[in-house]
2 protein chains.
Amino acid sequence: MTNLPNNFTLAHELKRDTIPIKSIGGNALSLCYLGLMNNQYFPWLILVPQEENLKEIIDLSSTNQHQLMDEISLVSKHMQAIFSPKKLNIAALGNMVSQLHIHVIARNKNDKAWPNPVWGHAPTEPYSEEEKLKIIDLLK
Amino acid sequence: MTNLPNNFTLAHELKRDTIPIKSIGGNALSLCYLGLMNNQYFPWLILVPQEENLKEIIDLSSTNQHQLMDEISLVSKHMQAIFSPKKLNIAALGNMVSQLHIHVIARNKNDKAWPNPVWGHAPTEPYSEEEKLKIIDLLK
């Protein structure tokens, strides 16, 4: 993994919508910023590789593409262990926010969007302070 | 990359909805089945790692997770070169079809779902025979 730190700046929408998570299951990520989407309806993490001017996964070096996969995998394993999802949804879309970011979402049959994707149609409700502390504690 | 060939069987929905692509830009994939979604409205490829009983990316070995990333990257680069998309959408969802499969879709501002995701809400129209031959030729 190379090229850190640099002039990376988190896109304002991602800064606005996520709560920074310092570590997951005791592991800090080396390539990506990790944020919890502030939406109590879905356990939903966002990984943002910390290089400037990234739009697509293929803008990363091959080494960092593998590192990204390792970090997606690490986050996925902890999401699976903590939330026992029916399915993980993992996606790099970016139609709205162009800065490369990867969604890792724990989906369940009783969630508010199942079986549809969460983007565009799912309701949003921020965590209460109590819920926020609880989920951050679960994740760390 | 390990464990091929084995008892892999393509899920019937993926078999029904995709046209097998033997190679992309002259490269055959070693881990994944590659299929073109039979929907003329979006350049849309599906990668399916050819191991049995896969549901999540983390069900693959670490080596094959890297191989999967390499194949996603290869497919992405050719999609970018051929279709000049505004954005690639890359996703492993599986809420409907549980067999692990990865979407790589070339999205554009004038496509029939922009800026929304394609799943669930985008129209579907199979390729005509002529269009099918044309896009398969472009991809190979």
# chains A, B, ... in the order shown; residues from 1 in each chain; ligands from 1
call {"tool": "residues_around", "arguments": {"residues": "Ser73 of chain A", "least_positions_apart": "2", "cutoff": "9 Å", "atoms": "only C-alpha atoms", "output": "PyMOL selection string"}}
result
(chain A and resi 68-71+75-78) or (chain B and resi 57-58+62+65)
call {"tool": "write_last_selection", "arguments": {"atoms": "N, CA, C and O atoms", "output": "PDB file, in the first residue's frame"}}
result
ATOM      1  N   LEU A  68      -7.584  -2.707  -1.149  1.00  0.00           N
ATOM      2  CA  LEU A  68      -9.007  -2.354  -1.018  1.00  0.00           C
ATOM      3  C   LEU A  68      -9.839  -3.616  -0.812  1.00  0.00           C
ATOM      4  O   LEU A  68     -10.706  -3.658   0.078  1.00  0.00           O
ATOM      5  N   MET A  69      -9.567  -4.650  -1.595  1.00  0.00           N
ATOM      6  CA  MET A  69     -10.306  -5.905  -1.428  1.00  0.00           C
ATOM      7  C   MET A  69     -10.091  -6.465  -0.024  1.00  0.00           C
ATOM      8  O   MET A  69     -11.041  -6.935   0.618  1.00  0.00           O
ATOM      9  N   ASP A  70      -8.854  -6.393   0.477  1.00  0.00           N
ATOM     10  CA  ASP A  70      -8.579  -6.886   1.832  1.00  0.00           C
ATOM     11  C   ASP A  70      -9.390  -6.101   2.875  1.00  0.00           C
ATOM     12  O   ASP A  70      -9.883  -6.677   3.853  1.00  0.00           O
ATOM     13  N   GLU A  71      -9.515  -4.806   2.654  1.00  0.00           N
ATOM     14  CA  GLU A  71     -10.244  -3.982   3.635  1.00  0.00           C
ATOM     15  C   GLU A  71     -11.754  -4.189   3.515  1.00  0.00           C
ATOM     16  O   GLU A  71     -12.470  -4.220   4.521  1.00  0.00           O
ATOM     17  N   VAL A  75     -13.910  -5.662   6.666  1.00  0.00           N
ATOM     18  CA  VAL A  75     -15.142  -5.003   7.104  1.00  0.00           C
ATOM     19  C   VAL A  75     -16.326  -5.964   6.959  1.00  0.00           C
ATOM     20  O   VAL A  75     -17.174  -6.085   7.851  1.00  0.00           O
ATOM     21  N   SER A  76     -16.351  -6.701   5.846  1.00  0.00           N
ATOM     22  CA  SER A  76     -17.444  -7.650   5.601  1.00  0.00           C
ATOM     23  C   SER A  76     -17.507  -8.722   6.683  1.00  0.00           C
ATOM     24  O   SER A  76     -18.594  -9.072   7.175  1.00  0.00           O
ATOM     25  N   LYS A  77     -16.343  -9.258   7.039  1.00  0.00           N
ATOM     26  CA  LYS A  77     -16.311 -10.323   8.055  1.00  0.00           C
ATOM     27  C   LYS A  77     -16.839  -9.833   9.392  1.00  0.00           C
ATOM     28  O   LYS A  77     -17.583 -10.540  10.079  1.00  0.00           O
ATOM     29  N   HIS A  78     -16.473  -8.609   9.754  1.00  0.00           N
ATOM     30  CA  HIS A  78     -16.974  -8.087  11.027  1.00  0.00           C
ATOM     31  C   HIS A  78     -18.469  -7.751  10.944  1.00  0.00           C
ATOM     32  O   HIS A  78     -19.206  -8.003  11.897  1.00  0.00           O
TER      33      HIS A  78
ATOM     34  N   ILE B  57     -18.472 -12.493  -1.149  1.00  0.00           N
ATOM     35  CA  ILE B  57     -17.074 -12.377  -1.581  1.00  0.00           C
ATOM     36  C   ILE B  57     -16.158 -13.025  -0.547  1.00  0.00           C
ATOM     37  O   ILE B  57     -15.171 -13.683  -0.900  1.00  0.00           O
ATOM     38  N   ILE B  58     -16.489 -12.863   0.729  1.00  0.00           N
ATOM     39  CA  ILE B  58     -15.640 -13.438   1.790  1.00  0.00           C
ATOM     40  C   ILE B  58     -15.734 -14.957   1.880  1.00  0.00           C
ATOM     41  O   ILE B  58     -15.003 -15.566   2.655  1.00  0.00           O
ATOM     42  N   SER B  62      -8.539 -15.721   0.222  1.00  0.00           N
ATOM     43  CA  SER B  62      -7.909 -14.417   0.030  1.00  0.00           C
ATOM     44  C   SER B  62      -7.277 -14.320  -1.369  1.00  0.00           C
ATOM     45  O   SER B  62      -7.398 -13.304  -2.063  1.00  0.00           O
ATOM     46  N   GLN B  65     -10.007 -13.813  -3.780  1.00  0.00           N
ATOM     47  CA  GLN B  65     -10.554 -12.452  -3.669  1.00  0.00           C
ATOM     48  C   GLN B  65      -9.700 -11.488  -4.498  1.00  0.00           C
ATOM     49  O   GLN B  65     -10.231 -10.613  -5.189  1.00  0.00           O
TER      50      GLN B  65
END
call {"tool": "interface_residues", "arguments": {"of": "chain A", "to": "chain B", "cutoff": "7 Å", "atoms": "only C-alpha atoms", "output": "ChimeraX atom specification"}}
result
/A:58,65-66,69,73,87-96,115-116,120
call {"tool": "residues_around", "arguments": {"residues": "His101 of chain B", "least_positions_apart": "6", "cutoff": "7 Å", "atoms": "only C-alpha atoms", "output": "list in words"}}
result
Ile46, Leu47, Val48 and Ala92 of chain B
call {"tool": "write_last_selection", "arguments": {"atoms": "all heavy atoms", "output": "short mmCIF file (atom, residue, chain, number, x, y, z; two decimals), in the first residue's frame"}}
result
data_model
loop_
_atom_site.label_atom_id
_atom_site.label_comp_id
_atom_site.auth_asym_id
_atom_site.auth_seq_id
_atom_site.Cartn_x
_atom_site.Cartn_y
_atom_site.Cartn_z
N ILE B 46 -21.75 -9.45 -16.07
CA ILE B 46 -21.87 -10.16 -14.79
C ILE B 46 -20.69 -11.13 -14.68
O ILE B 46 -20.44 -11.89 -15.61
CB ILE B 46 -23.17 -10.99 -14.74
CG1 ILE B 46 -24.41 -10.12 -14.98
CG2 ILE B 46 -23.27 -11.77 -13.42
CD1 ILE B 46 -25.02 -9.50 -13.77
N LEU B 47 -19.99 -11.06 -13.56
CA LEU B 47 -18.91 -12.01 -13.27
C LEU B 47 -19.38 -12.98 -12.19
O LEU B 47 -19.90 -12.53 -11.15
CB LEU B 47 -17.65 -11.31 -12.78
CG LEU B 47 -16.85 -10.51 -13.83
CD1 LEU B 47 -17.44 -9.12 -14.00
CD2 LEU B 47 -15.39 -10.40 -13.39
N VAL B 48 -19.17 -14.24 -12.40
CA VAL B 48 -19.60 -15.25 -11.41
C VAL B 48 -18.41 -16.17 -11.11
O VAL B 48 -18.02 -16.98 -11.96
CB VAL B 48 -20.78 -16.09 -11.94
CG1 VAL B 48 -21.32 -16.99 -10.82
CG2 VAL B 48 -21.88 -15.21 -12.51
N ALA B 92 -21.83 -6.28 -5.78
CA ALA B 92 -22.22 -7.63 -5.40
C ALA B 92 -23.40 -7.48 -4.44
O ALA B 92 -23.21 -7.07 -3.30
CB ALA B 92 -21.06 -8.35 -4.71
#
call {"tool": "residues_around", "arguments": {"residues": "Ile136 of chain A", "least_positions_apart": "3", "cutoff": "9 Å", "atoms": "only C-alpha atoms", "output": "list of chain:residue names"}}
result
A:Ile21, A:Ile24, A:Leu36, A:Glu131, A:Lys132, A:Leu133, A:Leu139, A:Lys140
call {"tool": "closest_residue", "arguments": {"among": "B:Glu130, B:Pro49, B:Ala81, B:Pro43", "to": "Lys112 of chain B", "atoms": "only C-alpha atoms"}}
result
B:Pro43
call {"tool": "select_by_dssp", "arguments": {"residues": "segment 42-124 of chain B", "states": "strand (DSSP E)", "output": "NGL selection string"}}
result
:B and (44-49 or 87-92 or 102-107)
call {"tool": "write_last_selection", "arguments": {"atoms": "N, CA, C and O atoms", "output": "short mmCIF file (atom, residue, chain, number, x, y, z; two decimals), in the first residue's frame"}}
result
data_model
loop_
_atom_site.label_atom_id
_atom_site.label_comp_id
_atom_site.auth_asym_id
_atom_site.auth_seq_id
_atom_site.Cartn_x
_atom_site.Cartn_y
_atom_site.Cartn_z
N TRP B 44 -23.76 -4.09 -19.66
CA TRP B 44 -23.90 -4.65 -18.29
C TRP B 44 -23.34 -6.06 -18.30
O TRP B 44 -23.92 -6.96 -18.92
N LEU B 45 -22.20 -6.24 -17.63
CA LEU B 45 -21.59 -7.56 -17.54
C LEU B 45 -21.74 -8.12 -16.13
O LEU B 45 -21.85 -7.38 -15.16
N ILE B 46 -21.75 -9.45 -16.07
CA ILE B 46 -21.87 -10.16 -14.79
C ILE B 46 -20.69 -11.13 -14.68
O ILE B 46 -20.44 -11.89 -15.61
N LEU B 47 -19.99 -11.06 -13.56
CA LEU B 47 -18.91 -12.01 -13.27
C LEU B 47 -19.38 -12.98 -12.19
O LEU B 47 -19.90 -12.53 -11.15
N VAL B 48 -19.17 -14.24 -12.40
CA VAL B 48 -19.60 -15.25 -11.41
C VAL B 48 -18.41 -16.17 -11.11
O VAL B 48 -18.02 -16.98 -11.96
N PRO B 49 -17.79 -16.03 -9.94
CA PRO B 49 -16.68 -16.93 -9.60
C PRO B 49 -17.16 -18.39 -9.64
O PRO B 49 -18.20 -18.72 -9.06
N LYS B 87 -19.77 6.75 -15.43
CA LYS B 87 -19.40 6.06 -14.20
C LYS B 87 -19.59 4.57 -14.38
O LYS B 87 -20.56 4.14 -15.00
N LEU B 88 -18.67 3.80 -13.84
CA LEU B 88 -18.89 2.36 -13.73
C LEU B 88 -19.64 2.08 -12.43
O LEU B 88 -19.35 2.70 -11.40
N ASN B 89 -20.59 1.19 -12.49
CA ASN B 89 -21.25 0.72 -11.27
C ASN B 89 -20.83 -0.72 -11.05
O ASN B 89 -21.07 -1.58 -11.92
N ILE B 90 -20.20 -0.98 -9.92
CA ILE B 90 -19.70 -2.32 -9.61
C ILE B 90 -20.34 -2.77 -8.31
O ILE B 90 -20.28 -2.06 -7.31
N ALA B 91 -20.99 -3.93 -8.34
CA ALA B 91 -21.73 -4.32 -7.14
C ALA B 91 -21.93 -5.82 -7.02
O ALA B 91 -22.17 -6.51 -8.01
N ALA B 92 -21.83 -6.28 -5.78
CA ALA B 92 -22.22 -7.63 -5.40
C ALA B 92 -23.40 -7.48 -4.44
O ALA B 92 -23.21 -7.07 -3.30
N ILE B 102 -21.11 -10.57 -9.57
CA ILE B 102 -20.70 -9.17 -9.51
C ILE B 102 -21.13 -8.46 -10.78
O ILE B 102 -20.82 -8.90 -11.89
N HIS B 103 -21.84 -7.38 -10.60
CA HIS B 103 -22.28 -6.55 -11.73
C HIS B 103 -21.21 -5.53 -12.08
O HIS B 103 -20.67 -4.87 -11.18
N VAL B 104 -20.91 -5.37 -13.36
CA VAL B 104 -20.07 -4.27 -13.83
C VAL B 104 -20.86 -3.59 -14.95
O VAL B 104 -21.08 -4.19 -16.01
N ILE B 105 -21.30 -2.38 -14.69
CA ILE B 105 -22.24 -1.71 -15.59
C ILE B 105 -21.67 -0.36 -16.00
O ILE B 105 -21.22 0.41 -15.16
N ALA B 106 -21.70 -0.09 -17.29
CA ALA B 106 -21.25 1.21 -17.80
C ALA B 106 -22.45 2.16 -17.82
O ALA B 106 -23.39 1.95 -18.58
N ARG B 107 -22.39 3.15 -16.96
CA ARG B 107 -23.53 4.08 -16.81
C ARG B 107 -23.25 5.40 -17.52
O ARG B 107 -22.12 5.89 -17.52
#
call {"tool": "select_by_dssp", "arguments": {"residues": "segment 7-71 of chain A", "states": "helix (DSSP H, G or I)", "output": "PDB file with all heavy atoms, in the first residue's frame"}}
result
ATOM      1  N   HIS A  12     -17.643  16.288   0.614  1.00  0.00           N
ATOM      2  CA  HIS A  12     -18.465  16.890   1.680  1.00  0.00           C
ATOM      3  C   HIS A  12     -19.722  16.078   1.958  1.00  0.00           C
ATOM      4  O   HIS A  12     -20.159  15.974   3.112  1.00  0.00           O
ATOM      5  CB  HIS A  12     -18.778  18.351   1.366  1.00  0.00           C
ATOM      6  CG  HIS A  12     -19.756  18.558   0.261  1.00  0.00           C
ATOM      7  ND1 HIS A  12     -21.110  18.626   0.476  1.00  0.00           N
ATOM      8  CD2 HIS A  12     -19.579  18.680  -1.079  1.00  0.00           C
ATOM      9  CE1 HIS A  12     -21.720  18.803  -0.693  1.00  0.00           C
ATOM     10  NE2 HIS A  12     -20.813  18.833  -1.642  1.00  0.00           N
ATOM     11  N   GLU A  13     -20.275  15.429   0.928  1.00  0.00           N
ATOM     12  CA  GLU A  13     -21.485  14.616   1.160  1.00  0.00           C
ATOM     13  C   GLU A  13     -21.171  13.417   2.060  1.00  0.00           C
ATOM     14  O   GLU A  13     -21.983  13.024   2.901  1.00  0.00           O
ATOM     15  CB  GLU A  13     -22.056  14.081  -0.160  1.00  0.00           C
ATOM     16  CG  GLU A  13     -22.501  15.141  -1.152  1.00  0.00           C
ATOM     17  CD  GLU A  13     -21.406  15.509  -2.146  1.00  0.00           C
ATOM     18  OE1 GLU A  13     -20.198  15.342  -1.824  1.00  0.00           O
ATOM     19  OE2 GLU A  13     -21.756  15.980  -3.245  1.00  0.00           O
ATOM     20  N   LEU A  14     -19.973  12.834   1.846  1.00  0.00           N
ATOM     21  CA  LEU A  14     -19.595  11.670   2.653  1.00  0.00           C
ATOM     22  C   LEU A  14     -19.245  12.113   4.078  1.00  0.00           C
ATOM     23  O   LEU A  14     -19.530  11.402   5.045  1.00  0.00           O
ATOM     24  CB  LEU A  14     -18.418  10.939   1.995  1.00  0.00           C
ATOM     25  CG  LEU A  14     -18.714  10.364   0.601  1.00  0.00           C
ATOM     26  CD1 LEU A  14     -17.454   9.783  -0.029  1.00  0.00           C
ATOM     27  CD2 LEU A  14     -19.806   9.305   0.663  1.00  0.00           C
ATOM     28  N   LYS A  15     -18.656  13.285   4.180  1.00  0.00           N
ATOM     29  CA  LYS A  15     -18.354  13.839   5.511  1.00  0.00           C
ATOM     30  C   LYS A  15     -19.657  14.135   6.268  1.00  0.00           C
ATOM     31  O   LYS A  15     -19.785  13.831   7.452  1.00  0.00           O
ATOM     32  CB  LYS A  15     -17.528  15.114   5.346  1.00  0.00           C
ATOM     33  CG  LYS A  15     -16.965  15.647   6.640  1.00  0.00           C
ATOM     34  CD  LYS A  15     -15.929  16.735   6.389  1.00  0.00           C
ATOM     35  CE  LYS A  15     -15.360  17.212   7.720  1.00  0.00           C
ATOM     36  NZ  LYS A  15     -14.359  18.263   7.541  1.00  0.00           N
ATOM     37  N   ARG A  16     -20.609  14.669   5.550  1.00  0.00           N
ATOM     38  CA  ARG A  16     -21.901  15.045   6.142  1.00  0.00           C
ATOM     39  C   ARG A  16     -22.696  13.811   6.587  1.00  0.00           C
ATOM     40  O   ARG A  16     -23.327  13.806   7.647  1.00  0.00           O
ATOM     41  CB  ARG A  16     -22.708  15.817   5.092  1.00  0.00           C
ATOM     42  CG  ARG A  16     -24.108  16.253   5.516  1.00  0.00           C
ATOM     43  CD  ARG A  16     -24.909  16.715   4.297  1.00  0.00           C
ATOM     44  NE  ARG A  16     -25.119  15.610   3.354  1.00  0.00           N
ATOM     45  CZ  ARG A  16     -25.379  15.763   2.047  1.00  0.00           C
ATOM     46  NH1 ARG A  16     -25.455  16.957   1.513  1.00  0.00           N
ATOM     47  NH2 ARG A  16     -25.564  14.701   1.270  1.00  0.00           N
ATOM     48  N   ASP A  17     -22.644  12.741   5.787  1.00  0.00           N
ATOM     49  CA  ASP A  17     -23.546  11.601   5.986  1.00  0.00           C
ATOM     50  C   ASP A  17     -22.960  10.465   6.813  1.00  0.00           C
ATOM     51  O   ASP A  17     -23.674   9.499   7.108  1.00  0.00           O
ATOM     52  CB  ASP A  17     -23.992  11.024   4.628  1.00  0.00           C
ATOM     53  CG  ASP A  17     -24.793  12.037   3.805  1.00  0.00           C
ATOM     54  OD1 ASP A  17     -25.314  12.993   4.404  1.00  0.00           O
ATOM     55  OD2 ASP A  17     -24.884  11.854   2.574  1.00  0.00           O
ATOM     56  N   ILE A  57     -12.498   2.253  -9.176  1.00  0.00           N
ATOM     57  CA  ILE A  57     -11.578   1.302  -8.545  1.00  0.00           C
ATOM     58  C   ILE A  57     -10.311   1.164  -9.399  1.00  0.00           C
ATOM     59  O   ILE A  57      -9.203   1.077  -8.872  1.00  0.00           O
ATOM     60  CB  ILE A  57     -12.274  -0.063  -8.345  1.00  0.00           C
ATOM     61  CG1 ILE A  57     -13.333   0.048  -7.231  1.00  0.00           C
ATOM     62  CG2 ILE A  57     -11.257  -1.155  -8.003  1.00  0.00           C
ATOM     63  CD1 ILE A  57     -14.198  -1.196  -7.056  1.00  0.00           C
ATOM     64  N   ILE A  58     -10.482   1.191 -10.722  1.00  0.00           N
ATOM     65  CA  ILE A  58      -9.316   1.041 -11.607  1.00  0.00           C
ATOM     66  C   ILE A  58      -8.414   2.276 -11.628  1.00  0.00           C
ATOM     67  O   ILE A  58      -7.362   2.245 -12.262  1.00  0.00           O
ATOM     68  CB  ILE A  58      -9.715   0.649 -13.051  1.00  0.00           C
ATOM     69  CG1 ILE A  58     -10.788   1.586 -13.596  1.00  0.00           C
ATOM     70  CG2 ILE A  58     -10.154  -0.811 -13.107  1.00  0.00           C
ATOM     71  CD1 ILE A  58     -11.145   1.303 -15.066  1.00  0.00           C
ATOM     72  N   ASP A  59      -8.775   3.331 -10.930  1.00  0.00           N
ATOM     73  CA  ASP A  59      -7.844   4.454 -10.755  1.00  0.00           C
ATOM     74  C   ASP A  59      -6.785   4.120  -9.701  1.00  0.00           C
ATOM     75  O   ASP A  59      -5.769   4.821  -9.599  1.00  0.00           O
ATOM     76  CB  ASP A  59      -8.588   5.732 -10.341  1.00  0.00           C
ATOM     77  CG  ASP A  59      -9.541   6.225 -11.431  1.00  0.00           C
ATOM     78  OD1 ASP A  59      -9.331   5.869 -12.606  1.00  0.00           O
ATOM     79  OD2 ASP A  59     -10.492   6.958 -11.093  1.00  0.00           O
ATOM     80  N   SER A  62      -2.699  -1.611  -8.903  1.00  0.00           N
ATOM     81  CA  SER A  62      -3.084  -2.996  -8.677  1.00  0.00           C
ATOM     82  C   SER A  62      -2.858  -3.396  -7.214  1.00  0.00           C
ATOM     83  O   SER A  62      -3.695  -4.070  -6.594  1.00  0.00           O
ATOM     84  CB  SER A  62      -2.281  -3.895  -9.624  1.00  0.00           C
ATOM     85  OG  SER A  62      -2.539  -5.237  -9.353  1.00  0.00           O
ATOM     86  N   THR A  63      -1.750  -2.961  -6.654  1.00  0.00           N
ATOM     87  CA  THR A  63      -1.460  -3.247  -5.235  1.00  0.00           C
ATOM     88  C   THR A  63      -2.564  -2.695  -4.334  1.00  0.00           C
ATOM     89  O   THR A  63      -3.038  -3.382  -3.425  1.00  0.00           O
ATOM     90  CB  THR A  63      -0.116  -2.607  -4.832  1.00  0.00           C
ATOM     91  OG1 THR A  63       0.900  -3.126  -5.681  1.00  0.00           O
ATOM     92  CG2 THR A  63       0.228  -2.901  -3.377  1.00  0.00           C
ATOM     93  N   ASN A  64      -2.974  -1.471  -4.602  1.00  0.00           N
ATOM     94  CA  ASN A  64      -4.005  -0.874  -3.755  1.00  0.00           C
ATOM     95  C   ASN A  64      -5.400  -1.422  -4.060  1.00  0.00           C
ATOM     96  O   ASN A  64      -6.273  -1.410  -3.189  1.00  0.00           O
ATOM     97  CB  ASN A  64      -3.957   0.645  -3.848  1.00  0.00           C
ATOM     98  CG  ASN A  64      -2.889   1.220  -2.919  1.00  0.00           C
ATOM     99  OD1 ASN A  64      -2.247   0.479  -2.160  1.00  0.00           O
ATOM    100  ND2 ASN A  64      -2.681   2.527  -2.978  1.00  0.00           N
ATOM    101  N   GLN A  65      -5.615  -1.936  -5.259  1.00  0.00           N
ATOM    102  CA  GLN A  65      -6.880  -2.655  -5.528  1.00  0.00           C
ATOM    103  C   GLN A  65      -6.959  -3.895  -4.637  1.00  0.00           C
ATOM    104  O   GLN A  65      -8.017  -4.210  -4.078  1.00  0.00           O
ATOM    105  CB  GLN A  65      -6.971  -3.063  -7.001  1.00  0.00           C
ATOM    106  CG  GLN A  65      -7.206  -1.890  -7.950  1.00  0.00           C
ATOM    107  CD  GLN A  65      -7.191  -2.312  -9.413  1.00  0.00           C
ATOM    108  OE1 GLN A  65      -7.527  -3.444  -9.748  1.00  0.00           O
ATOM    109  NE2 GLN A  65      -6.802  -1.398 -10.290  1.00  0.00           N
ATOM    110  N   HIS A  66      -5.836  -4.585  -4.492  1.00  0.00           N
ATOM    111  CA  HIS A  66      -5.821  -5.761  -3.601  1.00  0.00           C
ATOM    112  C   HIS A  66      -5.995  -5.327  -2.151  1.00  0.00           C
ATOM    113  O   HIS A  66      -6.701  -5.981  -1.377  1.00  0.00           O
ATOM    114  CB  HIS A  66      -4.513  -6.542  -3.774  1.00  0.00           C
ATOM    115  CG  HIS A  66      -4.439  -7.298  -5.068  1.00  0.00           C
ATOM    116  ND1 HIS A  66      -3.369  -8.077  -5.414  1.00  0.00           N
ATOM    117  CD2 HIS A  66      -5.327  -7.411  -6.097  1.00  0.00           C
ATOM    118  CE1 HIS A  66      -3.590  -8.630  -6.600  1.00  0.00           C
ATOM    119  NE2 HIS A  66      -4.761  -8.238  -7.037  1.00  0.00           N
ATOM    120  N   GLN A  67      -5.349  -4.228  -1.782  1.00  0.00           N
ATOM    121  CA  GLN A  67      -5.505  -3.720  -0.421  1.00  0.00           C
ATOM    122  C   GLN A  67      -6.968  -3.330  -0.164  1.00  0.00           C
ATOM    123  O   GLN A  67      -7.521  -3.611   0.907  1.00  0.00           O
ATOM    124  CB  GLN A  67      -4.582  -2.516  -0.202  1.00  0.00           C
ATOM    125  CG  GLN A  67      -4.676  -1.883   1.187  1.00  0.00           C
ATOM    126  CD  GLN A  67      -4.224  -2.807   2.304  1.00  0.00           C
ATOM    127  OE1 GLN A  67      -3.406  -3.708   2.085  1.00  0.00           O
ATOM    128  NE2 GLN A  67      -4.764  -2.608   3.495  1.00  0.00           N
ATOM    129  N   LEU A  68      -7.584  -2.707  -1.149  1.00  0.00           N
ATOM    130  CA  LEU A  68      -9.007  -2.354  -1.018  1.00  0.00           C
ATOM    131  C   LEU A  68      -9.839  -3.616  -0.812  1.00  0.00           C
ATOM    132  O   LEU A  68     -10.706  -3.658   0.078  1.00  0.00           O
ATOM    133  CB  LEU A  68      -9.481  -1.600  -2.266  1.00  0.00           C
ATOM    134  CG  LEU A  68     -10.982  -1.298  -2.332  1.00  0.00           C
ATOM    135  CD1 LEU A  68     -11.422  -0.417  -1.160  1.00  0.00           C
ATOM    136  CD2 LEU A  68     -11.336  -0.614  -3.676  1.00  0.00           C
ATOM    137  N   MET A  69      -9.567  -4.650  -1.595  1.00  0.00           N
ATOM    138  CA  MET A  69     -10.306  -5.905  -1.428  1.00  0.00           C
ATOM    139  C   MET A  69     -10.091  -6.465  -0.024  1.00  0.00           C
ATOM    140  O   MET A  69     -11.041  -6.935   0.618  1.00  0.00           O
ATOM    141  CB  MET A  69      -9.876  -6.920  -2.494  1.00  0.00           C
ATOM    142  CG  MET A  69     -10.611  -8.254  -2.410  1.00  0.00           C
ATOM    143  SD  MET A  69     -12.419  -8.128  -2.520  1.00  0.00           S
ATOM    144  CE  MET A  69     -12.676  -8.428  -4.278  1.00  0.00           C
ATOM    145  N   ASP A  70      -8.854  -6.393   0.477  1.00  0.00           N
ATOM    146  CA  ASP A  70      -8.579  -6.886   1.832  1.00  0.00           C
ATOM    147  C   ASP A  70      -9.390  -6.101   2.875  1.00  0.00           C
ATOM    148  O   ASP A  70      -9.883  -6.677   3.853  1.00  0.00           O
ATOM    149  CB  ASP A  70      -7.085  -6.762   2.158  1.00  0.00           C
ATOM    150  CG  ASP A  70      -6.219  -7.717   1.337  1.00  0.00           C
ATOM    151  OD1 ASP A  70      -6.769  -8.669   0.744  1.00  0.00           O
ATOM    152  OD2 ASP A  70      -4.985  -7.514   1.292  1.00  0.00           O
ATOM    153  N   GLU A  71      -9.515  -4.806   2.654  1.00  0.00           N
ATOM    154  CA  GLU A  71     -10.244  -3.982   3.635  1.00  0.00           C
ATOM    155  C   GLU A  71     -11.754  -4.189   3.515  1.00  0.00           C
ATOM    156  O   GLU A  71     -12.470  -4.220   4.521  1.00  0.00           O
ATOM    157  CB  GLU A  71      -9.820  -2.506   3.493  1.00  0.00           C
ATOM    158  CG  GLU A  71      -8.326  -2.357   3.823  1.00  0.00           C
ATOM    159  CD  GLU A  71      -7.797  -0.927   3.913  1.00  0.00           C
ATOM    160  OE1 GLU A  71      -8.585   0.029   3.827  1.00  0.00           O
ATOM    161  OE2 GLU A  71      -6.561  -0.785   4.107  1.00  0.00           O
TER     162      GLU A  71
END
call {"tool": "residues_around", "arguments": {"residues": "Asn39 of chain A", "least_positions_apart": "3", "cutoff": "8 Å", "atoms": "only C-alpha atoms", "output": "PyMOL selection string"}}
result
chain A and resi 42-44+124-127
call {"tool": "write_last_selection", "arguments": {"atoms": "N, CA and C atoms", "output": "short mmCIF file (atom, residue, chain, number, x, y, z; two decimals), in the first residue's frame"}}
result
data_model
loop_
_atom_site.label_atom_id
_atom_site.label_comp_id
_atom_site.auth_asym_id
_atom_site.auth_seq_id
_atom_site.Cartn_x
_atom_site.Cartn_y
_atom_site.Cartn_z
N PHE A 42 -30.25 0.81 8.60
CA PHE A 42 -29.37 -0.20 7.99
C PHE A 42 -27.97 -0.13 8.60
N PRO A 43 -27.39 -1.27 9.00
CA PRO A 43 -25.95 -1.27 9.33
C PRO A 43 -25.19 -1.07 8.01
N TRP A 44 -24.55 0.09 7.86
CA TRP A 44 -24.11 0.54 6.53
C TRP A 44 -22.79 1.28 6.69
N THR A 124 -34.44 7.22 5.50
CA THR A 124 -33.26 7.61 6.28
C THR A 124 -33.70 8.18 7.62
N GLU A 125 -33.07 7.73 8.68
CA GLU A 125 -33.34 8.30 10.01
C GLU A 125 -32.02 8.25 10.77
N PRO A 126 -31.50 9.41 11.16
CA PRO A 126 -30.21 9.42 11.88
C PRO A 126 -30.29 8.62 13.17
N TYR A 127 -29.15 8.13 13.62
CA TYR A 127 -29.08 7.46 14.91
C TYR A 127 -29.33 8.47 16.04
#
call {"tool": "atom_distance", "arguments": {"atom1": "atom CA of Ala11 of chain B", "atom2": "atom CA of Ala28 of chain B"}}
result
20.7 Å
call {"tool": "atom_distance", "arguments": {"atom1": "atom CA of Glu129 of chain B", "atom2": "atom CA of Gly26 of chain B"}}
result
22.2 Å
call {"tool": "atom_distance", "arguments": {"atom1": "atom CA of Gln50 of chain B", "atom2": "atom CA of Met37 of chain B"}}
result
17.6 Å
